[in-house]
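*Asks:* So here's run_2.cif, just mmCIF, C-alpha atoms and all ligand atoms:
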```
data_structure
loop_
_atom_site.label_atom_id
_atom_site.label_comp_id
_atom_site.auth_asym_id
_atom_site.auth_seq_id
_atom_site.Cartn_x
_atom_site.Cartn_y
_atom_site.Cartn_z
CA MET A 453 8.44 10.19 8.79
CA SER A 454 10.27 13.07 7.17
CA GLN A 455 11.54 16.38 8.53
CA SER A 456 9.75 19.50 7.31
CA SER A 457 10.02 23.16 8.15
CA GLU A 458 7.19 22.92 10.63
CA SER A 459 6.96 19.40 11.99
CA MET A 460 7.42 15.79 11.10
CA VAL A 461 5.47 14.80 8.02
CA ASP A 462 3.91 11.34 7.96
CA VAL A 463 4.77 10.67 4.34
CA GLU A 464 3.13 7.24 4.22
CA ALA A 465 -0.16 8.61 5.53
CA LEU A 466 0.09 11.49 3.06
CA LEU A 467 0.68 9.13 0.14
CA ASP A 468 -2.22 6.95 1.30
CA ALA A 469 -4.50 9.99 1.34
CA ALA A 470 -3.39 11.04 -2.15
CA ARG A 471 -4.01 7.52 -3.47
CA LEU A 472 -7.48 7.47 -1.86
CA GLN A 473 -8.30 10.82 -3.46
CA VAL A 474 -7.68 9.32 -6.90
CA ASP A 475 -10.98 7.45 -6.44
CA ASN A 476 -12.80 10.74 -5.88
CA SER A 477 -11.46 12.28 -9.08
CA ARG A 478 -14.03 13.42 -11.61
CA ALA A 479 -12.24 13.09 -14.93
CA PRO A 480 -14.67 11.95 -17.65
CA TYR A 481 -12.78 13.82 -20.40
CA SER A 482 -9.13 13.01 -19.88
CA ARG A 483 -9.83 9.82 -17.91
CA PHE A 484 -6.71 10.73 -15.95
CA HIS A 485 -7.49 10.54 -12.24
CA VAL A 486 -5.34 12.56 -9.88
CA GLY A 487 -5.31 12.75 -6.10
CA ALA A 488 -3.35 15.07 -3.84
CA ALA A 489 -2.88 15.48 -0.12
CA LEU A 490 -1.39 18.48 1.65
CA TRP A 491 0.23 18.15 5.08
CA SER A 492 -0.12 21.07 7.48
CA ASP A 493 -0.51 21.41 11.23
CA SER A 494 -0.25 17.60 11.45
CA GLN A 495 -3.44 17.36 9.40
CA ILE A 496 -4.04 16.10 5.89
CA PHE A 497 -6.09 18.04 3.33
CA GLY A 498 -7.13 16.05 0.28
CA GLY A 499 -7.98 17.14 -3.22
CA CYS A 500 -8.83 15.55 -6.55
CA ASN A 501 -9.11 16.82 -10.10
CA VAL A 502 -12.57 17.94 -11.19
CA GLU A 503 -13.01 18.31 -14.92
CA ASN A 504 -15.50 20.37 -16.85
CA ALA A 505 -16.98 20.17 -20.35
CA SER A 506 -15.54 23.64 -20.82
CA TYR A 507 -12.09 22.14 -20.52
CA GLY A 508 -10.29 25.23 -19.25
CA LEU A 509 -12.39 25.23 -16.09
CA THR A 510 -10.87 21.95 -14.94
CA LEU A 511 -9.41 22.07 -11.45
CA CYS A 512 -6.29 20.13 -10.60
CA ALA A 513 -6.02 17.89 -7.56
CA GLU A 514 -3.20 19.91 -5.98
CA ARG A 515 -5.16 23.13 -6.07
CA GLY A 516 -8.15 21.26 -4.64
CA ALA A 517 -6.01 20.26 -1.67
CA VAL A 518 -4.88 23.86 -1.22
CA MET A 519 -8.52 25.04 -1.28
CA ASN A 520 -9.45 22.44 1.33
CA TRP A 521 -6.65 23.67 3.57
CA ALA A 522 -7.74 27.29 3.07
CA ALA A 523 -11.39 26.42 3.75
CA ALA A 524 -10.33 24.86 7.05
CA GLY A 525 -8.87 28.20 8.09
CA ALA A 526 -5.38 27.68 6.67
CA PRO A 527 -3.94 25.98 9.77
CA GLY A 528 -0.18 25.78 10.17
CA THR A 529 2.55 25.92 7.56
CA PRO A 530 2.25 23.29 4.84
CA GLY A 531 5.28 21.01 4.85
CA ALA A 532 4.55 18.60 2.02
CA ILE A 533 2.13 17.61 -0.70
CA ALA A 534 1.73 14.13 -2.12
CA ILE A 535 0.40 13.38 -5.61
CA ALA A 536 -0.89 10.14 -7.11
CA ALA A 537 -2.43 9.55 -10.54
CA ARG A 538 -3.98 6.69 -12.46
CA GLY A 539 -5.18 6.43 -16.05
CA ALA A 540 -8.71 5.04 -16.22
CA ASP A 541 -8.08 3.21 -19.47
CA SER A 542 -4.93 1.40 -18.44
CA GLY A 543 -5.84 1.26 -14.76
CA GLU A 544 -2.14 1.81 -14.12
CA TRP A 545 -0.62 4.28 -11.72
CA SER A 546 1.24 7.01 -13.52
CA LEU A 547 3.87 9.38 -12.21
CA ALA A 548 2.38 12.88 -12.45
CA MET A 549 4.37 15.99 -11.75
CA PRO A 550 2.38 19.07 -10.69
CA CYS A 551 1.50 21.33 -13.62
CA GLY A 552 2.84 24.87 -13.89
CA ALA A 553 -0.34 26.47 -12.56
CA CYS A 554 -0.25 24.28 -9.46
CA ARG A 555 3.44 25.02 -8.91
CA GLN A 556 2.64 28.71 -8.93
CA VAL A 557 -0.23 28.29 -6.45
CA LEU A 558 1.91 26.12 -4.17
CA SER A 559 4.67 28.74 -4.31
CA GLU A 560 2.40 31.24 -2.55
CA LEU A 561 1.71 28.99 0.43
CA PRO A 562 3.38 30.06 3.67
CA GLY A 563 6.71 28.27 4.00
CA SER A 564 6.66 27.24 0.36
CA THR A 565 10.45 27.49 0.09
CA GLU A 566 10.53 24.45 2.40
CA LEU A 567 7.68 22.55 0.74
CA THR A 568 8.42 19.01 -0.36
CA VAL A 569 6.48 17.37 -3.20
CA TRP A 570 6.10 13.58 -2.97
CA ILE A 571 5.09 11.76 -6.14
CA TRP A 572 3.82 8.20 -6.23
CA ASP A 573 4.76 6.26 -9.36
CA GLY A 574 2.87 3.06 -8.63
CA THR A 575 5.78 1.28 -7.04
CA SER A 576 7.55 3.84 -4.96
CA SER A 577 7.56 7.52 -4.17
CA ARG A 578 10.12 10.15 -4.97
CA SER A 579 10.45 13.61 -3.52
CA VAL A 580 11.47 16.91 -4.99
CA SER A 581 11.42 20.36 -3.44
CA LEU A 582 9.02 22.95 -4.79
CA LEU A 583 11.99 25.28 -5.20
CA GLU A 584 13.48 22.82 -7.67
CA LEU A 585 10.19 22.63 -9.55
CA LEU A 586 9.66 26.39 -9.68
CA PRO A 587 12.80 28.45 -9.15
CA HIS A 588 12.53 32.24 -9.46
CA ALA A 589 8.75 32.21 -9.04
CA PHE A 590 6.73 35.33 -9.72
CA ASN A 591 5.49 36.48 -6.32
CA ALA A 592 4.10 39.38 -4.30
CA ALA A 593 7.42 41.23 -4.42
CA ASP A 594 7.09 41.44 -8.21
CA LEU A 595 3.88 43.44 -7.80
CA ARG A 596 5.69 46.38 -6.20
CA SER A 597 4.63 49.54 -7.95
CA ASP A 598 7.15 52.26 -8.85
CA GLU A 599 4.38 54.82 -8.36
CA GLU A 600 4.24 54.37 -4.57
N1 LIG A 701 -4.06 17.34 -13.43
C1 LIG A 701 -4.00 17.49 -12.08
O1 LIG A 701 -4.97 17.23 -11.37
N2 LIG A 701 -2.83 17.93 -11.56
C2 LIG A 701 -1.72 18.26 -12.29
O2 LIG A 701 -0.77 18.81 -11.76
C3 LIG A 701 -1.67 17.91 -13.71
C4 LIG A 701 -2.98 17.64 -14.35
C5 LIG A 701 -5.33 16.87 -14.01
C6 LIG A 701 -6.05 17.92 -14.82
C7 LIG A 701 -6.87 17.09 -15.76
O3 LIG A 701 -8.09 16.79 -15.11
C8 LIG A 701 -6.08 15.81 -15.93
O4 LIG A 701 -5.10 15.81 -14.89
C9 LIG A 701 -5.38 15.71 -17.26
O5 LIG A 701 -4.60 16.83 -17.53
#
```
Write the structure described by the file as structure tokens, please.
Ligand code: THU

*Replies:*
Amino acid sequence: MSQSSESMVDVEALLDAARLQVDNSRAPYSRFHVGAALWSDSQIFGGCNVENASYGLTLCAERGAVMNWAAAGAPGTPGAIAIAARGADSGEWSLAMPCGACRQVLSELPGSTELTVWIWDGTSSRSVSLLELLPHAFNAADLRSDEE
């Protein structure tokens, strides 16, 4: 268990959920299967990458987890997200850091300055704060208009 801004995060359960989500991944083009699991309100919201023949429409696993949390009514303040990835060709786990787009989306979650990102590398997990991954994020304050 790990301390978060909101409550204790069950990191092992979160990593399990992310690893399970890898099997749901739909990645026929890259053959890189990613799973994610977001912890909020003592619940786990899973996501997996869903690719598209029009490559740019591909959805990442992390944003899938965020959408699942939002669709459930956005309960609580997310404390952590876990990520796991496996290449279909090698069958090996692969350490996957969240892409820039996902970092930006995560940065707009409530409590994101306290969000911890857990990454499974096939043998162990490592954690990094979202603030370390995306310092000085563009956010709502940057949208202030001088015309008001
Ligand atoms: N992918 C994710 O799901 N999350 C990331 O943060 C990085 C990339 C997916 C997108 C695509 O389906 C595959 O990994 C290869 O880029």

*Asks:* Which chains and residue numbers are within 7 Å of ligand LIG 701 (chain A), counting all atoms listed in the file, if I want them as a PyMOL selection string?

*Replies:* chain A and resi 479+482+484-487+500-503+510-514+548-551+554

*Asks:* Write a file of the selected residues as a compact mmCIF listing (two decimals), in the coordinates of the input, keeping C-alpha atoms.

*Replies:*
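Okay, result23.txt is ready:
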```
# COMPACT_ATOMS: atom_id res chain seq x y z
CA ALA A 479 -12.24 13.09 -14.93
CA SER A 482 -9.13 13.01 -19.88
CA PHE A 484 -6.71 10.73 -15.95
CA HIS A 485 -7.49 10.54 -12.24
CA VAL A 486 -5.34 12.56 -9.88
CA GLY A 487 -5.31 12.75 -6.10
CA CYS A 500 -8.83 15.55 -6.55
CA ASN A 501 -9.11 16.82 -10.10
CA VAL A 502 -12.57 17.94 -11.19
CA GLU A 503 -13.01 18.31 -14.92
CA THR A 510 -10.87 21.95 -14.94
CA LEU A 511 -9.41 22.07 -11.45
CA CYS A 512 -6.29 20.13 -10.60
CA ALA A 513 -6.02 17.89 -7.56
CA GLU A 514 -3.20 19.91 -5.98
CA ALA A 548 2.38 12.88 -12.45
CA MET A 549 4.37 15.99 -11.75
CA PRO A 550 2.38 19.07 -10.69
CA CYS A 551 1.50 21.33 -13.62
CA CYS A 554 -0.25 24.28 -9.46
```

*Asks:* Work out how far apart CA of Ser577 (chain A) and CA of Glu464 (chain A) are and give it in Å to one decimal.

*Replies:* 9.5 Å

*Asks:* Contacts of Ile571 (chain A) at 7 Å or less, counting only C-alpha atoms, minus same-chain residues fewer than 5 places along, as a list of chain:residue names?

*Replies:*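 Answer for this query is A:Ala534, A:Ile535, A:Ala536, A:Leu547, A:Ala548, A:Ser577, A:Arg578, A:Ser579.
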
*Asks:* In Å, with one decimal, what is the gap from CA of Thr568 (chain A) to CA of Ser542 (chain A)?

*Replies:* 28.6 Å

*Asks:* Pick from A:Asp468, A:Asp475, A:Asp462, A:Glu560: nearest to Ser494 (chain A), with all atoms listed in the file counted?

*Replies:* A:Asp462
